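Okay, my_file36.csv now, which holds CSV, C-alpha atoms:
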chain,number,residue,atom,x,y,z
A,1,MET,CA,-30.9,0.9,14.3
A,2,LEU,CA,-32.9,4.1,13.9
A,3,LEU,CA,-31.8,7.8,13.9
A,4,ASN,CA,-34.5,10.4,13.5
A,5,GLY,CA,-36.8,7.5,12.5
A,6,THR,CA,-34.5,6.6,9.6
A,7,PRO,CA,-32.9,3.2,9.4
A,8,VAL,CA,-29.1,3.3,9.7
A,9,TYR,CA,-26.9,0.5,8.4
A,10,ILE,CA,-23.3,0.3,9.5
A,11,GLY,CA,-20.7,-2.1,8.2
A,12,THR,CA,-17.4,-2.5,6.5
A,13,SER,CA,-16.0,-3.1,3.0
A,14,GLY,CA,-15.6,-6.8,3.0
A,15,TYR,CA,-15.4,-9.0,6.1
A,16,ASN,CA,-12.5,-11.5,5.9
A,17,HIS,CA,-9.4,-9.4,5.7
A,18,GLU,CA,-6.4,-11.4,6.9
A,19,ASP,CA,-5.0,-8.7,9.2
A,20,TRP,CA,-8.3,-8.5,11.1
A,21,LYS,CA,-7.2,-11.7,12.9
A,22,GLY,CA,-5.8,-10.7,16.3
A,23,ASN,CA,-6.9,-7.0,15.8
A,24,PHE,CA,-10.7,-7.5,15.6
A,25,ALA,CA,-11.4,-11.2,15.2
A,26,PRO,CA,-9.8,-14.1,17.2
A,27,GLU,CA,-6.3,-14.7,16.0
A,28,LYS,CA,-6.8,-18.3,15.0
A,29,ILE,CA,-10.3,-18.0,13.4
A,30,ASN,CA,-10.6,-19.6,10.0
A,31,ASN,CA,-11.7,-17.5,7.0
A,32,TYR,CA,-15.0,-19.3,6.7
A,33,ASP,CA,-16.1,-18.3,10.2
A,34,MET,CA,-15.1,-14.6,9.8
A,35,LEU,CA,-18.5,-13.6,8.4
A,36,SER,CA,-20.4,-15.4,11.2
A,37,TYR,CA,-18.2,-13.6,13.8
A,38,TYR,CA,-18.8,-10.3,12.0
A,39,ALA,CA,-22.5,-10.8,12.2
A,40,GLU,CA,-22.4,-11.8,15.9
A,41,GLN,CA,-20.8,-8.5,16.8
A,42,GLY,CA,-24.0,-6.7,15.8
A,43,PHE,CA,-23.1,-5.4,12.3
A,44,ASN,CA,-26.2,-5.1,10.2
A,45,PHE,CA,-24.5,-4.3,6.8
A,46,VAL,CA,-21.6,-5.3,4.6
A,47,GLU,CA,-20.3,-4.4,1.2
A,48,LEU,CA,-19.6,-7.3,-1.1
A,49,ALA,CA,-16.6,-6.0,-3.0
A,50,TYR,CA,-15.1,-9.2,-4.5
A,51,THR,CA,-17.9,-9.2,-7.1
A,52,PHE,CA,-15.9,-6.5,-8.9
A,53,TYR,CA,-13.2,-9.0,-9.9
A,54,ARG,CA,-15.3,-12.1,-10.5
A,55,PHE,CA,-19.0,-12.8,-11.0
A,56,PRO,CA,-20.7,-14.2,-7.9
A,57,GLU,CA,-22.0,-17.8,-7.9
A,58,ARG,CA,-25.3,-18.7,-6.4
A,59,ASP,CA,-23.9,-21.4,-4.1
A,60,LYS,CA,-21.3,-19.1,-2.6
A,61,ILE,CA,-24.0,-16.4,-2.0
A,62,GLU,CA,-26.2,-19.0,-0.3
A,63,HIS,CA,-23.3,-19.9,2.0
A,64,ILE,CA,-22.9,-16.2,2.8
A,65,LEU,CA,-26.6,-16.0,3.8
A,66,LYS,CA,-26.3,-19.1,6.0
A,67,ARG,CA,-23.5,-17.5,8.0
A,68,THR,CA,-25.5,-14.2,8.6
A,69,GLU,CA,-28.9,-15.8,9.3
A,70,LYS,CA,-30.5,-12.8,7.4
A,71,SER,CA,-29.3,-10.4,10.1
A,72,VAL,CA,-27.0,-8.5,7.7
A,73,ARG,CA,-28.0,-6.5,4.6
A,74,PHE,CA,-25.8,-6.1,1.5
A,75,SER,CA,-24.6,-3.6,-1.0
A,76,VAL,CA,-23.0,-5.4,-4.0
A,77,ARG,CA,-20.2,-4.0,-6.1
A,78,ILE,CA,-20.9,-4.0,-9.8
A,79,PRO,CA,-18.4,-6.2,-11.8
A,80,LYS,CA,-15.7,-4.5,-13.8
A,81,ALA,CA,-16.9,-6.2,-17.0
A,82,ILE,CA,-20.4,-4.6,-16.6
A,83,MET,CA,-18.9,-1.2,-15.8
A,84,HIS,CA,-17.1,-1.4,-19.2
A,85,TYR,CA,-20.1,-2.8,-21.0
A,86,PRO,CA,-23.2,-1.5,-19.1
A,87,SER,CA,-25.6,-2.4,-21.9
A,88,ASP,CA,-24.5,-6.1,-22.2
A,89,LYS,CA,-27.7,-7.9,-21.1
A,90,ALA,CA,-26.0,-11.3,-21.0
A,91,LEU,CA,-23.4,-10.1,-18.5
A,92,ILE,CA,-26.1,-8.3,-16.4
A,93,ALA,CA,-28.3,-11.5,-16.3
A,94,GLN,CA,-25.3,-13.6,-15.2
A,95,PHE,CA,-24.5,-11.2,-12.4
A,96,LEU,CA,-28.1,-10.9,-11.2
A,97,ASN,CA,-28.5,-14.7,-11.3
A,98,GLY,CA,-25.5,-15.1,-9.1
A,99,ILE,CA,-26.8,-12.7,-6.4
A,100,ALA,CA,-30.4,-13.8,-6.7
A,101,PRO,CA,-30.4,-15.4,-3.2
A,102,LEU,CA,-29.8,-12.0,-1.7
A,103,ALA,CA,-32.7,-10.5,-3.5
A,104,ASP,CA,-35.0,-13.5,-2.9
A,105,THR,CA,-34.4,-13.3,0.9
A,106,GLY,CA,-34.9,-9.5,1.0
A,107,VAL,CA,-31.4,-8.6,2.2
A,108,LEU,CA,-30.1,-7.0,-1.0
A,109,GLU,CA,-30.1,-3.3,-0.2
A,110,SER,CA,-28.2,-1.6,-3.0
A,111,PHE,CA,-25.7,-1.7,-5.8
A,112,PHE,CA,-22.6,0.5,-6.1
A,113,ALA,CA,-19.9,1.3,-8.6
A,114,ASP,CA,-16.7,3.0,-7.9
A,115,PHE,CA,-14.4,4.9,-10.3
A,116,LEU,CA,-10.8,6.0,-10.1
A,117,PRO,CA,-9.7,9.7,-10.3
A,118,SER,CA,-9.0,9.2,-14.0
A,119,PHE,CA,-12.8,8.8,-14.6
A,120,VAL,CA,-13.6,12.5,-15.2
A,121,CYS,CA,-16.8,14.3,-15.9
A,122,SER,CA,-17.8,14.2,-19.6
A,123,LYS,CA,-20.9,13.5,-21.6
A,124,ALA,CA,-19.7,10.0,-22.6
A,125,ASN,CA,-18.9,9.1,-19.0
A,126,TYR,CA,-22.1,10.5,-17.7
A,127,GLN,CA,-24.1,8.4,-20.2
A,128,ARG,CA,-22.1,5.4,-19.0
A,129,LEU,CA,-23.4,6.1,-15.5
A,130,VAL,CA,-27.0,6.4,-16.7
A,131,ASN,CA,-26.7,3.1,-18.5
A,132,LEU,CA,-25.4,1.4,-15.4
A,133,ARG,CA,-28.2,2.9,-13.3
A,134,ASN,CA,-30.8,1.7,-15.8
A,135,ALA,CA,-29.4,-1.8,-15.7
A,136,PHE,CA,-30.2,-2.1,-12.0
A,137,LYS,CA,-33.6,-0.5,-11.6
A,138,GLY,CA,-35.6,-1.4,-8.5
A,139,TYR,CA,-32.8,-0.9,-6.0
A,140,PRO,CA,-30.9,2.2,-4.8
A,141,PHE,CA,-27.8,2.7,-7.0
A,142,PHE,CA,-24.7,4.6,-5.8
A,143,ILE,CA,-21.6,5.8,-7.6
A,144,GLU,CA,-18.3,6.7,-6.0
A,145,LEU,CA,-16.6,9.4,-8.1
A,146,GLN,CA,-13.1,10.3,-6.9
A,147,SER,CA,-12.5,13.0,-9.5
A,148,ARG,CA,-13.5,16.5,-8.3
A,149,THR,CA,-14.6,17.4,-11.8
A,150,TRP,CA,-18.0,15.8,-11.1
A,151,TYR,CA,-18.8,18.0,-8.1
A,152,LYS,CA,-20.8,20.8,-9.7
A,153,GLU,CA,-24.5,21.7,-9.6
A,154,LYS,CA,-25.2,20.9,-13.2
A,155,THR,CA,-24.1,17.3,-12.6
A,156,PHE,CA,-26.0,17.1,-9.4
A,157,ASP,CA,-29.2,18.0,-11.2
A,158,LEU,CA,-28.6,15.2,-13.7
A,159,PHE,CA,-28.0,12.7,-10.8
A,160,ARG,CA,-31.3,13.7,-9.3
A,161,GLU,CA,-33.1,13.3,-12.6
A,162,ASN,CA,-31.8,9.8,-13.0
A,163,ASP,CA,-32.1,8.6,-9.4
A,164,ILE,CA,-28.3,8.2,-9.1
A,165,GLY,CA,-26.9,8.3,-5.5
A,166,LEU,CA,-23.6,9.9,-5.0
A,167,THR,CA,-21.4,8.3,-2.4
A,168,THR,CA,-20.1,10.6,0.3
A,169,ILE,CA,-16.3,9.9,0.4
A,170,ASP,CA,-14.1,10.6,3.3
A,171,MET,CA,-10.4,10.6,2.4
A,172,PRO,CA,-7.4,12.9,2.7
A,173,ASP,CA,-7.8,16.4,1.1
A,174,ILE,CA,-5.9,15.7,-2.1
A,175,LYS,CA,-5.7,18.1,-5.0
A,176,GLY,CA,-8.2,17.1,-7.7
A,177,ALA,CA,-9.8,14.5,-5.6
A,178,ALA,CA,-13.4,14.4,-4.5
A,179,PRO,CA,-14.4,16.6,-1.5
A,180,TYR,CA,-16.2,15.4,1.6
A,181,PHE,CA,-19.8,16.2,0.5
A,182,PRO,CA,-22.6,14.7,2.5
A,183,THR,CA,-25.7,14.6,0.3
A,184,SER,CA,-28.6,12.6,-1.0
A,185,PHE,CA,-29.7,12.8,-4.6
A,186,ASN,CA,-31.9,9.6,-4.5
A,187,TYR,CA,-33.3,9.9,-0.9
A,188,TYR,CA,-30.6,7.6,0.5
A,189,GLN,CA,-27.3,8.4,2.1
A,190,TYR,CA,-24.1,6.3,1.4
A,191,TYR,CA,-20.9,7.1,3.3
A,192,LYS,CA,-17.6,5.5,2.4
A,193,LEU,CA,-14.9,6.2,5.0
A,194,TYR,CA,-11.3,5.5,3.8
A,195,GLY,CA,-9.5,7.3,6.6
A,196,ARG,CA,-7.1,10.3,6.4
A,197,SER,CA,-3.7,8.8,6.4
A,198,PRO,CA,-0.9,11.4,6.0
A,199,LYS,CA,0.9,8.9,3.8
A,200,TRP,CA,-1.9,9.1,1.3
A,201,ILE,CA,-0.9,12.0,-1.0
A,202,VAL,CA,-1.9,10.7,-4.5
A,203,GLY,CA,-5.5,10.0,-5.3
A,204,ALA,CA,-4.9,6.6,-6.9
A,205,ASP,CA,-3.0,5.3,-3.8
A,206,LYS,CA,-4.9,4.1,-0.7
A,207,TYR,CA,-3.5,3.8,2.8
A,208,LEU,CA,-6.2,2.3,4.8
A,209,ASP,CA,-4.5,1.9,8.2
A,210,TYR,CA,-6.2,5.1,9.7
A,211,SER,CA,-8.3,4.9,12.8
A,212,TYR,CA,-10.9,7.6,13.3
A,213,SER,CA,-10.9,9.4,16.6
A,214,GLU,CA,-14.0,9.7,18.7
A,215,LYS,CA,-14.1,13.4,17.8
A,216,GLU,CA,-14.1,12.6,14.1
A,217,LEU,CA,-16.8,10.0,14.6
A,218,LEU,CA,-19.0,12.5,16.5
A,219,LYS,CA,-18.6,14.9,13.5
A,220,LEU,CA,-19.7,12.1,11.2
A,221,LEU,CA,-22.7,11.4,13.5
A,222,GLN,CA,-23.7,15.1,13.3
A,223,ASP,CA,-23.7,14.9,9.4
A,224,VAL,CA,-25.7,11.7,9.4
A,225,GLN,CA,-28.2,13.2,11.8
A,226,HIS,CA,-28.6,16.3,9.7
A,227,THR,CA,-29.2,14.5,6.4
A,228,SER,CA,-31.1,11.5,7.8
A,229,ILE,CA,-34.1,13.7,8.4
A,230,THR,CA,-35.2,13.4,4.8
A,231,ALA,CA,-33.5,10.1,3.9
A,232,LYS,CA,-35.1,6.8,3.5
A,233,ALA,CA,-32.0,5.1,4.9
A,234,ALA,CA,-28.4,5.9,5.8
A,235,ILE,CA,-25.6,3.4,4.9
A,236,ILE,CA,-22.2,3.9,6.5
A,237,ILE,CA,-19.3,1.8,5.2
A,238,PHE,CA,-15.9,1.9,6.8
A,239,ALA,CA,-13.3,1.1,4.2
A,240,ASN,CA,-10.2,1.8,6.4
A,241,VAL,CA,-9.8,-1.9,6.5
A,242,ALA,CA,-6.1,-2.3,7.4
A,243,GLN,CA,-5.2,-3.7,10.8
A,244,GLY,CA,-8.9,-4.0,11.8
A,245,CYS,CA,-9.5,-0.3,11.9
A,246,ALA,CA,-12.8,-0.5,10.0
A,247,PRO,CA,-14.7,-2.9,12.3
A,248,GLN,CA,-13.4,-1.2,15.4
A,249,ASN,CA,-14.5,2.2,14.2
A,250,ALA,CA,-17.8,0.9,13.1
A,251,LEU,CA,-18.5,-0.6,16.5
A,252,LYS,CA,-17.7,2.7,18.2
A,253,LEU,CA,-20.0,4.6,15.8
A,254,MET,CA,-22.8,2.2,16.6
A,255,GLN,CA,-22.4,3.0,20.3
A,256,LEU,CA,-22.4,6.7,19.6
A,257,ILE,CA,-25.5,6.4,17.4
A,258,ASN,CA,-27.4,4.4,20.0
A,259,SER,CA,-26.5,6.9,22.7
A,260,ALA,CA,-27.6,9.8,20.4
A,261,ALA,CA,-30.9,8.0,19.6
A,262,ARG,CA,-31.7,7.7,23.3
A,263,LYS,CA,-31.4,11.4,23.7
A,264,LEU,CA,-33.6,12.4,20.8
A,265,PRO,CA,-37.2,13.3,21.6
Encoding of this model in structure tokens:
Amino acid sequence: MLLNGTPVYIGTSGYNHEDWKGNFAPEKINNYDMLSYYAEQGFNFVELAYTFYRFPERDKIEHILKRTEKSVRFSVRIPKAIMHYPSDKALIAQFLNGIAPLADTGVLESFFADFLPSFVCSKANYQRLVNLRNAFKGYPFFIELQSRTWYKEKTFDLFRENDIGLTTIDMPDIKGAAPYFPTSFNYYQYYKLYGRSPKWIVGADKYLDYSYSEKELLKLLQDVQHTSITAKAAIIIFANVAQGCAPQNALKLMQLINSAARKLP
């Protein structure tokens, strides 16, 4: 999928959520077939988020590849252990070995790390981000920073210098939380769309049962069009995963982008 000549990847955070059955996928589908069904709907991207909690194993990653037939590209979440110890070469080697099939087949697109609102801007924390970035050279690297303390020009300059991509987060406007800030510090865009549930009033809580309206998706499309002109690729991840909202919204956005692309000169 292209927009302004820029590849656009659209997908969701994870692919086998139980409450997608009957809302997005067939009600009686088994968990193993969820990814195949996901790929058959035309999605070209997915976030592998389970790797935060446990290191991936090669055989499981190979099974994932078989179910997508190389039609889906991946962004892989950095494990919690590596986020705490970003200079531990043994941990990094174990992680990279587990996801090697993705890299070997050319469908590994990027790495990402996400931090809670308690992870505030400081010299020590910034150095931690640089160490993480340096551990995964050769691929686009994105950070999701939910604390508003990071959103200042001095920090942005440091991100540019170190080729660190800042994830554009869409979530409710909560005091102290990250603003919606479409940008590209590493020539790539990465959007993470959590939804805007009115129940979500504290940054650390997440209510993900929000469905974006067509008007909201069209506004997102305008932002992607604007920043895609200078980007190497745009990645759009729907993380409003409850009740199948994410895949439904992603499919609608794909339709809107295809329609917009046909109208471009």
Top pick for closest residue to Leu145 in chain A, considering A:His84, A:Lys192, A:Arg54, A:Arg133 and counting only C-alpha atoms: A:Lys192
So that I can check the surroundings of Arg73 in chain A, please list as a PyMOL selection string every protein, DNA and RNA residue that reaches within 10 Å of it, counting all atoms listed in the file and ignoring chain neighbours fewer than 6 positions away. chain A and resi 9-11+43-47+65+102+106-110
Shell around Leu217 in chain A at 10 Å using only C-alpha atoms, local window under 2 positions removed, as a list in words: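 Here the qualifying residues turn out to be Tyr212, Ser213, Glu214, Lys215, Lys219, Leu220, Leu221, Gln222, Asp223, Asn249, Ala250, Lys252, Leu253, Leu256 and Ile257 of chain A.
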Under the rule that all atoms listed in the file are counted, which of A:Ala39, A:Ala113, A:Leu96, A:Ile236 is the nearest residue to Thr68 in chain A? A:Ala39
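Here CA of Ser211 in chain A is placed at a distance of 13.5 Å from CA of Lys199 in chain A.
Residues surrounding Thr105 in chain A within 10 Å are Leu65, Lys70, Ala100 and Pro101 of chain A [all atoms listed in the file; sequence separation below 4 positions excluded].
When all atoms listed in the file are used to measure the gap to Ile143 in chain A, the shortest distance among A:Asn162, A:Asn125, A:Phe115, A:Asp157 belongs to A:Phe115.
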Using all atoms listed in the file, which protein or nucleic acid residues come within 9 Å of Tyr180 in chain A? Drop anything in the same chain fewer than 6 positions from it, and give the result as a list in words.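 Final neighbour list, sorted by chain and number: Thr168, Ile169, Asp170, Met171 and Asp173 of chain A.
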Give me, as a PDB file with C-alpha atoms, keeping the file's coordinate frame, all polymer residues having an atom no more than 10 Å from Asp209 in chain A, counting only C-alpha atoms and skipping those fewer than 3 positions away in the same chain.
ATOM      1  CA  TYR A 194     -11.300   5.500   3.800  1.00  0.00           C
ATOM      2  CA  GLY A 195      -9.500   7.300   6.600  1.00  0.00           C
ATOM      3  CA  ARG A 196      -7.100  10.300   6.400  1.00  0.00           C
ATOM      4  CA  SER A 197      -3.700   8.800   6.400  1.00  0.00           C
ATOM      5  CA  LYS A 199       0.900   8.900   3.800  1.00  0.00           C
ATOM      6  CA  LYS A 206      -4.900   4.100  -0.700  1.00  0.00           C
ATOM      7  CA  TYR A 212     -10.900   7.600  13.300  1.00  0.00           C
ATOM      8  CA  ALA A 239     -13.300   1.100   4.200  1.00  0.00           C
ATOM      9  CA  ASN A 240     -10.200   1.800   6.400  1.00  0.00           C
ATOM     10  CA  VAL A 241      -9.800  -1.900   6.500  1.00  0.00           C
ATOM     11  CA  ALA A 242      -6.100  -2.300   7.400  1.00  0.00           C
ATOM     12  CA  GLN A 243      -5.200  -3.700  10.800  1.00  0.00           C
ATOM     13  CA  GLY A 244      -8.900  -4.000  11.800  1.00  0.00           C
ATOM     14  CA  CYS A 245      -9.500  -0.300  11.900  1.00  0.00           C
ATOM     15  CA  ALA A 246     -12.800  -0.500  10.000  1.00  0.00           C
TER      16      ALA A 246
END
Mind listing as a count of residues only all residues within 6 Å of (-25.4, 4.8, 4.2), counting all atoms listed in the file? 6
Using CA of Asp114 in chain A and CA of Arg58 in chain A as the two end points, give the distance in Å to one decimal.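 Calculated distance between CA of Asp114 in chain A and CA of Arg58 in chain A is 23.4 Å.
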Point (-23.8, 5.1, -20.5), cut-off 12 Å, counting all atoms listed in the file, residues as number ranges by chain: A: 82-88, 122-135, 162
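You will find CA of Ala25 in chain A at 25.3 Å from CA of Tyr53 in chain A.
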Taking all atoms listed in the file into account, which of A:Gly5, A:Pro182, A:Gly203, A:Gly98 comes nearest Glu57 in chain A? A:Gly98
Among the residues A:Ala103, A:Ile92, A:Ala49, A:Ile64, the one that comes closest to Val76 in chain A [using all atoms listed in the file]: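 Closest to Val76 in chain A, using all atoms listed in the file: A:Ala49.
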Could you check the closest approach to Phe185 in chain A for each of A:Lys60, A:His226, A:Lys232, A:Lys137 and tell me which residue wins, using only C-alpha atoms?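 Smallest distance to Phe185 in chain A is found for A:Lys232.
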